[in-house]
>>> print(open('input-v5.cif').read())   # mmCIF, C-alpha atoms
data_work
loop_
_atom_site.group_PDB
_atom_site.id
_atom_site.type_symbol
_atom_site.label_atom_id
_atom_site.label_comp_id
_atom_site.auth_asym_id
_atom_site.auth_seq_id
_atom_site.Cartn_x
_atom_site.Cartn_y
_atom_site.Cartn_z
ATOM 1 C CA THR A 1 142.382 43.340 97.909
ATOM 2 C CA ASP A 2 139.703 45.540 96.429
ATOM 3 C CA ARG A 3 137.681 42.432 95.596
ATOM 4 C CA SER A 4 138.035 41.102 99.156
ATOM 5 C CA ARG A 5 136.983 44.463 100.542
ATOM 6 C CA GLY A 6 133.994 44.474 98.197
ATOM 7 C CA LEU A 7 132.928 41.001 99.273
ATOM 8 C CA GLY A 8 133.308 42.031 102.906
ATOM 9 C CA ASP A 9 131.075 45.043 102.352
ATOM 10 C CA VAL A 10 128.423 42.870 100.706
ATOM 11 C CA TYR A 11 128.612 40.417 103.599
ATOM 12 C CA LYS A 12 128.192 43.174 106.205
ATOM 13 C CA ARG A 13 125.315 44.608 104.205
ATOM 14 C CA GLN A 14 123.611 41.198 104.346
ATOM 15 C CA ILE A 15 124.021 41.157 108.128
ATOM 16 C CA GLU A 16 122.568 44.652 108.385
ATOM 17 C CA LEU A 17 119.572 43.737 106.204
ATOM 18 C CA TYR A 18 118.948 40.604 108.257
ATOM 19 C CA ILE A 19 118.961 42.603 111.505
ATOM 20 C CA ARG A 20 116.622 45.190 109.973
ATOM 21 C CA GLU A 21 114.241 42.428 108.910
ATOM 22 C CA LYS A 22 114.198 40.798 112.355
ATOM 23 C CA LYS A 23 114.336 44.110 114.311
ATOM 24 C CA SER A 24 116.401 42.367 117.017
ATOM 25 C CA VAL A 25 118.488 39.200 116.961
ATOM 26 C CA SER A 26 120.950 37.331 119.199
ATOM 27 C CA LEU A 27 124.644 36.901 118.339
ATOM 28 C CA ASP A 28 124.225 33.116 118.395
ATOM 29 C CA THR A 29 121.519 33.347 115.738
ATOM 30 C CA LEU A 30 123.740 35.529 113.535
ATOM 31 C CA CYS A 31 126.567 32.999 113.872
ATOM 32 C CA GLU A 32 124.241 30.209 112.775
ATOM 33 C CA VAL A 33 122.614 32.107 109.898
ATOM 34 C CA PHE A 34 125.898 33.362 108.422
ATOM 35 C CA ASN A 35 127.954 30.297 109.385
ATOM 36 C CA VAL A 36 130.731 32.230 111.127
ATOM 37 C CA SER A 37 132.380 32.146 114.546
ATOM 38 C CA LYS A 38 131.289 34.367 117.419
ATOM 39 C CA ASN A 39 134.587 36.288 117.238
ATOM 40 C CA THR A 40 133.965 37.027 113.560
ATOM 41 C CA ILE A 41 130.399 38.188 114.101
ATOM 42 C CA ARG A 42 131.502 40.391 117.007
ATOM 43 C CA ARG A 43 134.016 42.152 114.732
ATOM 44 C CA ASP A 44 131.380 42.650 112.052
ATOM 45 C CA ILE A 45 128.875 43.943 114.599
ATOM 46 C CA ALA A 46 131.482 46.360 115.968
ATOM 47 C CA THR A 47 132.021 47.751 112.459
ATOM 48 C CA LEU A 48 128.298 48.175 111.847
ATOM 49 C CA GLU A 49 127.858 49.758 115.267
ATOM 50 C CA GLN A 50 130.598 52.305 114.540
ATOM 51 C CA SER A 51 128.792 53.258 111.356
ATOM 52 C CA GLY A 52 125.654 53.972 113.420
ATOM 53 C CA LYS A 53 123.544 51.415 111.563
ATOM 54 C CA ILE A 54 122.950 49.038 114.469
ATOM 55 C CA LYS A 55 123.442 49.049 118.216
ATOM 56 C CA LYS A 56 124.103 46.444 120.862
ATOM 57 C CA VAL A 57 121.397 45.629 123.361
ATOM 58 C CA TYR A 58 121.223 43.118 126.157
ATOM 59 C CA GLY A 59 121.177 39.660 124.595
ATOM 60 C CA GLY A 60 121.918 40.711 121.018
ATOM 61 C CA VAL A 61 121.726 43.584 118.549
ATOM 62 C CA THR A 62 119.015 45.783 117.077
ATOM 63 C CA ILE A 63 118.668 48.433 114.381
ATOM 64 C CA ALA A 64 119.899 51.855 115.460
ATOM 65 C CA ASP A 65 116.544 53.601 115.118
ATOM 66 C CA PHE A 66 114.698 51.010 117.234
ATOM 67 C CA PRO A 67 114.211 52.172 120.855
ATOM 68 C CA ALA A 68 116.282 49.624 122.782
ATOM 69 C CA SER A 69 115.331 51.022 126.175
ATOM 70 C CA LYS A 70 111.708 50.133 125.434
ATOM 71 C CA MET A 71 112.421 46.763 123.835
ATOM 72 C CA LEU A 72 112.096 43.381 125.517
ATOM 73 C CA LEU A 73 113.859 40.530 123.734
ATOM 74 C CA PRO A 74 112.142 37.115 123.882
ATOM 75 C CA PHE A 75 113.092 34.734 126.711
ATOM 76 C CA SER A 76 114.750 32.327 124.272
ATOM 77 C CA THR A 77 116.997 35.087 122.879
ATOM 78 C CA ARG A 78 118.028 36.349 126.315
ATOM 79 C CA HIS A 79 118.544 32.795 127.583
ATOM 80 C CA GLN A 80 121.201 32.163 124.904
ATOM 81 C CA SER A 81 123.353 35.063 126.075
ATOM 82 C CA LEU A 82 126.193 34.294 128.535
ATOM 83 C CA MET A 83 124.620 30.979 129.536
ATOM 84 C CA GLN A 84 127.614 29.657 131.502
ATOM 85 C CA GLU A 85 128.048 32.909 133.400
ATOM 86 C CA LYS A 86 124.368 32.967 134.324
ATOM 87 C CA ARG A 87 124.485 29.388 135.557
ATOM 88 C CA LEU A 88 127.484 30.146 137.773
ATOM 89 C CA ILE A 89 125.712 33.217 139.165
ATOM 90 C CA SER A 90 122.692 31.020 139.930
ATOM 91 C CA GLN A 91 124.946 28.585 141.760
ATOM 92 C CA LEU A 92 126.407 31.433 143.806
ATOM 93 C CA ALA A 93 122.892 32.645 144.621
ATOM 94 C CA ALA A 94 121.884 29.153 145.733
ATOM 95 C CA SER A 95 124.675 29.152 148.324
ATOM 96 C CA HIS A 96 122.710 31.846 150.186
ATOM 97 C CA VAL A 97 119.558 29.721 150.474
ATOM 98 C CA CYS A 98 119.009 28.046 153.841
ATOM 99 C CA ASP A 99 116.503 25.493 155.045
ATOM 100 C CA HIS A 100 113.138 27.017 155.980
ATOM 101 C CA ASP A 101 113.773 30.196 153.992
ATOM 102 C CA THR A 102 110.924 31.810 152.094
ATOM 103 C CA ILE A 103 112.533 33.069 148.916
ATOM 104 C CA PHE A 104 111.443 34.785 145.737
ATOM 105 C CA ILE A 105 112.997 33.769 142.409
ATOM 106 C CA ASP A 106 112.085 36.077 139.578
ATOM 107 C CA SER A 107 111.555 35.336 135.910
ATOM 108 C CA GLY A 108 114.893 36.538 134.539
ATOM 109 C CA THR A 109 117.112 34.153 132.615
ATOM 110 C CA THR A 110 119.869 34.641 135.211
ATOM 111 C CA CYS A 111 117.660 33.338 138.039
ATOM 112 C CA HIS A 112 115.819 30.214 136.993
ATOM 113 C CA ASN A 113 118.836 27.885 137.325
ATOM 114 C CA ILE A 114 118.897 28.509 141.082
ATOM 115 C CA ILE A 115 116.496 25.552 141.375
ATOM 116 C CA ASP A 116 119.197 23.168 140.103
ATOM 117 C CA PHE A 117 121.388 23.983 143.108
ATOM 118 C CA ILE A 118 118.825 23.915 145.972
ATOM 119 C CA THR A 119 117.270 20.524 145.323
ATOM 120 C CA ASP A 120 118.380 19.354 148.801
ATOM 121 C CA LYS A 121 116.873 22.334 150.647
ATOM 122 C CA GLU A 122 113.604 22.520 152.563
ATOM 123 C CA CYS A 123 112.233 25.932 151.599
ATOM 124 C CA THR A 124 109.286 27.831 150.202
ATOM 125 C CA ILE A 125 109.652 29.479 146.798
ATOM 126 C CA LEU A 126 107.465 32.313 145.589
ATOM 127 C CA THR A 127 107.822 32.963 141.888
ATOM 128 C CA ASN A 128 106.055 34.340 138.854
ATOM 129 C CA SER A 129 108.303 32.320 136.564
ATOM 130 C CA LEU A 130 106.850 29.429 134.600
ATOM 131 C CA GLN A 131 110.367 28.009 134.147
ATOM 132 C CA VAL A 132 111.095 28.029 137.880
ATOM 133 C CA SER A 133 107.817 26.269 138.692
ATOM 134 C CA LEU A 134 108.453 23.586 136.085
ATOM 135 C CA LYS A 135 112.019 22.976 137.269
ATOM 136 C CA ALA A 136 110.839 22.536 140.874
ATOM 137 C CA ILE A 137 108.166 19.910 140.104
ATOM 138 C CA PRO A 138 110.336 16.812 140.861
ATOM 139 C CA TYR A 139 111.374 18.076 144.310
ATOM 140 C CA GLU A 140 108.672 17.700 146.958
ATOM 141 C CA ASN A 141 110.906 19.430 149.522
ATOM 142 C CA LEU A 142 110.552 22.650 147.523
ATOM 143 C CA ASN A 143 107.203 24.230 148.326
ATOM 144 C CA VAL A 144 106.295 26.382 145.313
ATOM 145 C CA ILE A 145 103.790 29.229 145.393
ATOM 146 C CA SER A 146 103.125 30.633 141.947
ATOM 147 C CA LEU A 147 101.957 34.234 141.734
ATOM 148 C CA PRO A 148 98.592 34.732 140.024
ATOM 149 C CA GLY A 149 98.110 36.472 136.709
ATOM 150 C CA PHE A 150 98.217 35.951 132.969
ATOM 151 C CA LEU A 151 101.137 34.398 131.122
ATOM 152 C CA LYS A 152 103.447 36.914 129.447
ATOM 153 C CA ARG A 153 105.095 34.847 126.744
ATOM 154 C CA GLU A 154 108.070 37.152 126.139
ATOM 155 C CA THR A 155 109.232 36.515 129.705
ATOM 156 C CA LEU A 156 107.508 33.176 130.401
ATOM 157 C CA SER A 157 106.107 34.754 133.552
ATOM 158 C CA PHE A 158 102.769 35.430 135.215
ATOM 159 C CA VAL A 159 101.932 39.106 135.702
ATOM 160 C CA ASP A 160 98.974 40.939 137.226
ATOM 161 C CA GLY A 161 98.137 44.488 138.245
ATOM 162 C CA ASN A 162 97.014 43.375 141.724
ATOM 163 C CA ILE A 163 100.273 41.625 142.573
ATOM 164 C CA ALA A 164 101.290 44.205 145.193
ATOM 165 C CA GLU A 165 98.299 43.381 147.392
ATOM 166 C CA TYR A 166 98.836 39.651 146.937
ATOM 167 C CA LEU A 167 102.479 39.799 148.045
ATOM 168 C CA LYS A 168 101.642 41.635 151.280
ATOM 169 C CA ALA A 169 100.485 38.312 152.704
ATOM 170 C CA TYR A 170 104.007 36.844 152.548
ATOM 171 C CA ASN A 171 107.199 37.527 154.472
ATOM 172 C CA ILE A 172 109.928 37.014 151.887
ATOM 173 C CA THR A 173 113.259 36.211 153.531
ATOM 174 C CA LYS A 174 115.418 36.596 150.436
ATOM 175 C CA ALA A 175 114.607 37.946 146.971
ATOM 176 C CA PHE A 176 116.719 36.926 144.001
ATOM 177 C CA MET A 177 116.215 39.528 141.293
ATOM 178 C CA SER A 178 117.530 39.866 137.751
ATOM 179 C CA CYS A 179 117.483 43.029 135.667
ATOM 180 C CA THR A 180 118.034 44.349 132.163
ATOM 181 C CA GLY A 181 120.465 46.966 133.441
ATOM 182 C CA ILE A 182 122.100 48.096 136.666
ATOM 183 C CA SER A 183 123.543 51.554 137.197
ATOM 184 C CA ILE A 184 124.293 53.856 140.101
ATOM 185 C CA GLN A 185 121.979 56.591 138.855
ATOM 186 C CA ASN A 186 119.101 54.428 137.583
ATOM 187 C CA GLY A 187 119.390 51.428 139.874
ATOM 188 C CA LEU A 188 117.960 48.108 138.722
ATOM 189 C CA SER A 189 115.772 48.475 135.653
ATOM 190 C CA ASN A 190 113.824 46.378 133.193
ATOM 191 C CA ALA A 191 111.928 46.821 129.922
ATOM 192 C CA SER A 192 108.514 45.353 130.778
ATOM 193 C CA PRO A 193 105.891 47.474 132.582
ATOM 194 C CA GLU A 194 104.100 44.323 133.777
ATOM 195 C CA GLU A 195 107.310 42.816 135.163
ATOM 196 C CA TYR A 196 108.152 46.165 136.744
ATOM 197 C CA LEU A 197 105.053 45.924 138.959
ATOM 198 C CA VAL A 198 106.005 42.439 140.127
ATOM 199 C CA LYS A 199 109.665 43.270 140.768
ATOM 200 C CA LYS A 200 108.900 46.509 142.614
ATOM 201 C CA SER A 201 106.375 44.757 144.853
ATOM 202 C CA VAL A 202 108.827 41.979 145.677
ATOM 203 C CA ILE A 203 111.525 44.499 146.614
ATOM 204 C CA GLU A 204 109.076 46.253 148.956
ATOM 205 C CA ASN A 205 108.114 42.968 150.664
ATOM 206 C CA SER A 206 111.514 41.291 151.078
ATOM 207 C CA THR A 207 114.116 41.404 153.848
ATOM 208 C CA ILE A 208 117.362 40.618 152.005
ATOM 209 C CA ARG A 209 117.647 41.565 148.322
ATOM 210 C CA PHE A 210 120.044 39.965 145.867
ATOM 211 C CA ALA A 211 120.745 41.411 142.421
ATOM 212 C CA LEU A 212 121.907 38.768 139.942
ATOM 213 C CA ALA A 213 123.663 40.507 137.047
ATOM 214 C CA ASP A 214 126.334 39.412 134.596
ATOM 215 C CA HIS A 215 129.029 41.919 133.591
ATOM 216 C CA SER A 216 127.101 43.108 130.513
ATOM 217 C CA LYS A 217 124.391 44.684 132.728
ATOM 218 C CA PHE A 218 126.580 47.177 134.590
ATOM 219 C CA GLY A 219 126.373 50.793 133.473
ATOM 220 C CA ASN A 220 123.222 50.131 131.428
ATOM 221 C CA PHE A 221 119.604 50.965 132.111
ATOM 222 C CA SER A 222 116.240 50.211 130.591
ATOM 223 C CA LEU A 223 112.730 51.623 130.576
ATOM 224 C CA MET A 224 111.711 51.430 134.252
ATOM 225 C CA THR A 225 113.628 51.390 137.556
ATOM 226 C CA PHE A 226 112.171 48.900 140.035
ATOM 227 C CA CYS A 227 114.822 49.277 142.733
ATOM 228 C CA PRO A 228 117.427 51.942 143.606
ATOM 229 C CA PHE A 229 120.933 50.480 143.679
ATOM 230 C CA GLU A 230 121.419 51.457 147.338
ATOM 231 C CA ASP A 231 118.420 49.306 148.364
ATOM 232 C CA ILE A 232 120.172 46.108 147.264
ATOM 233 C CA ASP A 233 122.052 44.051 149.899
ATOM 234 C CA HIS A 234 124.072 41.714 147.661
ATOM 235 C CA VAL A 235 125.236 41.894 144.044
ATOM 236 C CA LEU A 236 126.106 38.523 142.521
ATOM 237 C CA THR A 237 128.019 38.702 139.250
ATOM 238 C CA ASP A 238 130.631 36.989 137.086
ATOM 239 C CA GLN A 239 133.156 39.836 137.063
ATOM 240 C CA LEU A 240 133.981 42.508 139.596
ATOM 241 C CA PRO A 241 132.523 45.797 138.260
ATOM 242 C CA GLY A 242 134.467 49.033 137.962
ATOM 243 C CA LYS A 243 135.843 51.260 140.686
ATOM 244 C CA GLU A 244 132.819 53.570 140.752
ATOM 245 C CA PHE A 245 130.433 50.666 141.422
ATOM 246 C CA CYS A 246 132.693 49.191 144.099
ATOM 247 C CA ASN A 247 133.062 52.545 145.866
ATOM 248 C CA PHE A 248 129.290 53.028 145.841
ATOM 249 C CA ALA A 249 128.732 49.482 147.115
ATOM 250 C CA LYS A 250 131.120 49.952 150.033
ATOM 251 C CA LEU A 251 129.558 53.305 150.916
ATOM 252 C CA HIS A 252 126.099 51.690 151.103
ATOM 253 C CA SER A 253 127.189 48.376 152.687
ATOM 254 C CA ILE A 254 126.359 46.386 149.554
ATOM 255 C CA LYS A 255 128.323 43.156 149.270
ATOM 256 C CA ILE A 256 129.582 42.317 145.776
ATOM 257 C CA GLU A 257 130.364 38.649 145.162
ATOM 258 C CA THR A 258 131.820 37.100 142.021
ATOM 259 C CA VAL A 259 131.504 33.545 140.753
ATOM 260 C CA SER A 260 135.258 33.076 140.201
ATOM 261 C CA TYR A 261 137.371 32.567 143.333
ATOM 262 C CA THR A 262 134.436 33.827 145.379
ATOM 263 C CA HIS A 263 136.030 33.321 148.760
ATOM 264 C CA LEU A 264 139.415 34.680 147.692
ATOM 265 C CA ARG A 265 137.921 37.773 146.073
ATOM 266 C CA ALA A 266 135.405 38.702 148.752
ATOM 267 C CA HIS A 267 137.846 41.307 150.010
ATOM 268 C CA GLU A 268 138.355 42.977 146.648
ATOM 269 C CA THR A 269 135.615 45.563 147.078
ATOM 270 C CA ASP A 270 137.606 46.848 150.063
ATOM 271 C CA GLN A 271 140.640 47.760 147.965
ATOM 272 C CA TYR A 272 138.909 50.891 146.708
ATOM 273 C CA LEU A 273 138.362 54.089 148.700
#
>>> encode(input="input-v5.cif", output="structure tokens")
Amino acid sequence: TDRSRGLGDVYKRQIELYIREKKSVSLDTLCEVFNVSKNTIRRDIATLEQSGKIKKVYGGVTIADFPASKMLLPFSTRHQSLMQEKRLISQLAASHVCDHDTIFIDSGTTCHNIIDFITDKECTILTNSLQVSLKAIPYENLNVISLPGFLKRETLSFVDGNIAEYLKAYNITKAFMSCTGISIQNGLSNASPEEYLVKKSVIENSTIRFALADHSKFGNFSLMTFCPFEDIDHVLTDQLPGKEFCNFAKLHSIKIETVSYTHLRAHETDQYL
């Protein structure tokens, strides 16, 4: 038993050293590197987190003394997290797109799959996402307008300081926005100052605003708030959030929709209050 405990301590120390070397890493990468299941790595991460050596961040883990609120994980790392949930949220978002809409799809990993579910629509898409533009290429019925700027590789998006003026020329019917965190106090937030400018400008120039957020985003916040929670019209997620969020949503006429049993559960936000 003592030997097993000793081997376990060595193993956890190796995980800790690997995270310290990489600064931040996804759970999927840890599973691959250490050849263990996701359940096993989650238990090990929980132990290390309790010891104060590492902490969980959106999309993975980081060392405890690294400022997570100021950190932006690479697109590939974030894309690996909760992939099925994000795809289902994208499908739910696509159900709100109508012919002749002018929509904005942002660069978050939760949003870019919307394209896969609107291939039969006739609409105009504004986006700063390289991934969204590439996905839309085969579909001539999707009119794509890419925002100007330079390519930010961490987010695979185009950003520019003059984006606010550029967006004033367009009447955006519906904006589909992702975020690093969503909370009642801090609203929708993200970790990139350049992306913040784009997201804030889109919110200011759109009629109906959709927040696409998986369950891991609720109650968290990041470096910069680009939209107060009460300014969102719809929240699309994979799990109904807690009572406090649902009460706030009802108070501010925000509709929360979930990917599972969407039509059956549409009334669930009304059970509170």
>>> closest_residue(input="input-v5.cif", among="A:Lys56, A:Lys152, A:Arg43, A:Lys38", to="Lys23 in chain A", atoms="all atoms listed in the file")
A:Lys56
>>> residues_near_point(input="input-v5.cif", point="(116.2, 49.9, 129.5)", cutoff="6 Å", atoms="all atoms listed in the file", output="number ranges by chain")
A: 69, 190-191, 221-223
>>> resolve_selection(input="input-v5.cif", expression="the PyMOL selection byres ((chain A and resi 215) around 8)", output="ChimeraX atom specification")
/A:213-214,216-218,237-241
>>> resolve_selection(input="input-v5.cif", expression="the PyMOL selection byres ((chain A and resi 86-89) around 9)", output="compact mmCIF listing (two decimals) with C-alpha atoms, keeping the file's coordinate frame")
# COMPACT_ATOMS: atom_id res chain seq x y z
CA HIS A 79 118.54 32.80 127.58
CA SER A 81 123.35 35.06 126.08
CA LEU A 82 126.19 34.29 128.54
CA MET A 83 124.62 30.98 129.54
CA GLN A 84 127.61 29.66 131.50
CA GLU A 85 128.05 32.91 133.40
CA SER A 90 122.69 31.02 139.93
CA GLN A 91 124.95 28.58 141.76
CA LEU A 92 126.41 31.43 143.81
CA ALA A 93 122.89 32.65 144.62
CA ALA A 94 121.88 29.15 145.73
CA THR A 109 117.11 34.15 132.62
CA THR A 110 119.87 34.64 135.21
CA CYS A 111 117.66 33.34 138.04
CA HIS A 112 115.82 30.21 136.99
CA ASN A 113 118.84 27.88 137.32
CA ILE A 114 118.90 28.51 141.08
CA LEU A 212 121.91 38.77 139.94
CA ALA A 213 123.66 40.51 137.05
CA ASP A 214 126.33 39.41 134.60
CA LEU A 236 126.11 38.52 142.52
CA THR A 237 128.02 38.70 139.25
CA ASP A 238 130.63 36.99 137.09
CA THR A 258 131.82 37.10 142.02
CA VAL A 259 131.50 33.54 140.75
CA SER A 260 135.26 33.08 140.20
>>> atom_distance(input="input-v5.cif", atom1="CA of Pro193 in chain A", atom2="CA of Ile208 in chain A")
23.6 Å
>>> residues_around(input="input-v5.cif", residues="Leu126 in chain A", least_positions_apart="5", cutoff="10 Å", atoms="only C-alpha atoms", output="PyMOL selection string")
chain A and resi 102-106+132-133+143-147+167+170+172+175+202
>>> atom_distance(input="input-v5.cif", atom1="CA of Val25 in chain A", atom2="CA of Val198 in chain A")
26.5 Å
>>> residues_around(input="input-v5.cif", residues="Ala136 in chain A", least_positions_apart="2", cutoff="10 Å", atoms="only C-alpha atoms", output="list in words")
His112, Ile115, Asp116, Ile118, Thr119, Ile125, Gln131, Val132, Ser133, Leu134, Pro138, Tyr139, Glu140, Asn141, Leu142, Asn143 and Val144 of chain A
>>> residues_around(input="input-v5.cif", residues="Asp99 in chain A", least_positions_apart="4", cutoff="7 Å", atoms="only C-alpha atoms", output="mmCIF file with C-alpha atoms, keeping the file's coordinate frame")
data_model
loop_
_atom_site.group_PDB
_atom_site.id
_atom_site.type_symbol
_atom_site.label_atom_id
_atom_site.label_comp_id
_atom_site.auth_asym_id
_atom_site.auth_seq_id
_atom_site.Cartn_x
_atom_site.Cartn_y
_atom_site.Cartn_z
ATOM 1 C CA LYS A 121 116.873 22.334 150.647
ATOM 2 C CA GLU A 122 113.604 22.520 152.563
ATOM 3 C CA CYS A 123 112.233 25.932 151.599
#
>>> closest_residue(input="input-v5.cif", among="A:Ala211, A:Leu30, A:Ala249, A:Leu188", to="Thr62 in chain A", atoms="all atoms listed in the file")
A:Leu30
>>> atom_distance(input="input-v5.cif", atom1="CA of Lys53 in chain A", atom2="CA of Lys12 in chain A")
10.9 Å
>>> closest_residue(input="input-v5.cif", among="A:Ser157, A:Gln14, A:Thr124, A:Thr173", to="Ile203 in chain A", atoms="all atoms listed in the file")
A:Thr173
>>> axis_aligned_box(input="input-v5.cif", around="range 241-256 of chain A", padding_each_side="8 Å", output="AutoDock Vina command-line options")
--center_x 131.0 --center_y 47.9 --center_z 145.3 --size_x 25.7 --size_y 27.3 --size_z 30.7
>>> resolve_selection(input="input-v5.cif", expression="the PyMOL selection byres ((chain A and resi 48) around 12)", output="list in words")
Gly8, Asp9, Tyr11, Lys12, Arg13, Gln14, Ile15, Glu16, Leu17, Ile19, Ile41, Arg42, Arg43, Asp44, Ile45, Ala46, Thr47, Glu49, Gln50, Ser51, Gly52, Lys53, Ile54, Lys55, Lys56, Val61, Thr62, Ile63 and Ala64 of chain A
>>> write_last_selection(input="input-v5.cif", atoms="C-alpha atoms", output="PDB file, in the coordinates of the input")
ATOM      1  CA  GLY A   8     133.308  42.031 102.906  1.00  0.00           C
ATOM      2  CA  ASP A   9     131.075  45.043 102.352  1.00  0.00           C
ATOM      3  CA  TYR A  11     128.612  40.417 103.599  1.00  0.00           C
ATOM      4  CA  LYS A  12     128.192  43.174 106.205  1.00  0.00           C
ATOM      5  CA  ARG A  13     125.315  44.608 104.205  1.00  0.00           C
ATOM      6  CA  GLN A  14     123.611  41.198 104.346  1.00  0.00           C
ATOM      7  CA  ILE A  15     124.021  41.157 108.128  1.00  0.00           C
ATOM      8  CA  GLU A  16     122.568  44.652 108.385  1.00  0.00           C
ATOM      9  CA  LEU A  17     119.572  43.737 106.204  1.00  0.00           C
ATOM     10  CA  ILE A  19     118.961  42.603 111.505  1.00  0.00           C
ATOM     11  CA  ILE A  41     130.399  38.188 114.101  1.00  0.00           C
ATOM     12  CA  ARG A  42     131.502  40.391 117.007  1.00  0.00           C
ATOM     13  CA  ARG A  43     134.016  42.152 114.732  1.00  0.00           C
ATOM     14  CA  ASP A  44     131.380  42.650 112.052  1.00  0.00           C
ATOM     15  CA  ILE A  45     128.875  43.943 114.599  1.00  0.00           C
ATOM     16  CA  ALA A  46     131.482  46.360 115.968  1.00  0.00           C
ATOM     17  CA  THR A  47     132.021  47.751 112.459  1.00  0.00           C
ATOM     18  CA  GLU A  49     127.858  49.758 115.267  1.00  0.00           C
ATOM     19  CA  GLN A  50     130.598  52.305 114.540  1.00  0.00           C
ATOM     20  CA  SER A  51     128.792  53.258 111.356  1.00  0.00           C
ATOM     21  CA  GLY A  52     125.654  53.972 113.420  1.00  0.00           C
ATOM     22  CA  LYS A  53     123.544  51.415 111.563  1.00  0.00           C
ATOM     23  CA  ILE A  54     122.950  49.038 114.469  1.00  0.00           C
ATOM     24  CA  LYS A  55     123.442  49.049 118.216  1.00  0.00           C
ATOM     25  CA  LYS A  56     124.103  46.444 120.862  1.00  0.00           C
ATOM     26  CA  VAL A  61     121.726  43.584 118.549  1.00  0.00           C
ATOM     27  CA  THR A  62     119.015  45.783 117.077  1.00  0.00           C
ATOM     28  CA  ILE A  63     118.668  48.433 114.381  1.00  0.00           C
ATOM     29  CA  ALA A  64     119.899  51.855 115.460  1.00  0.00           C
TER      30      ALA A  64
END
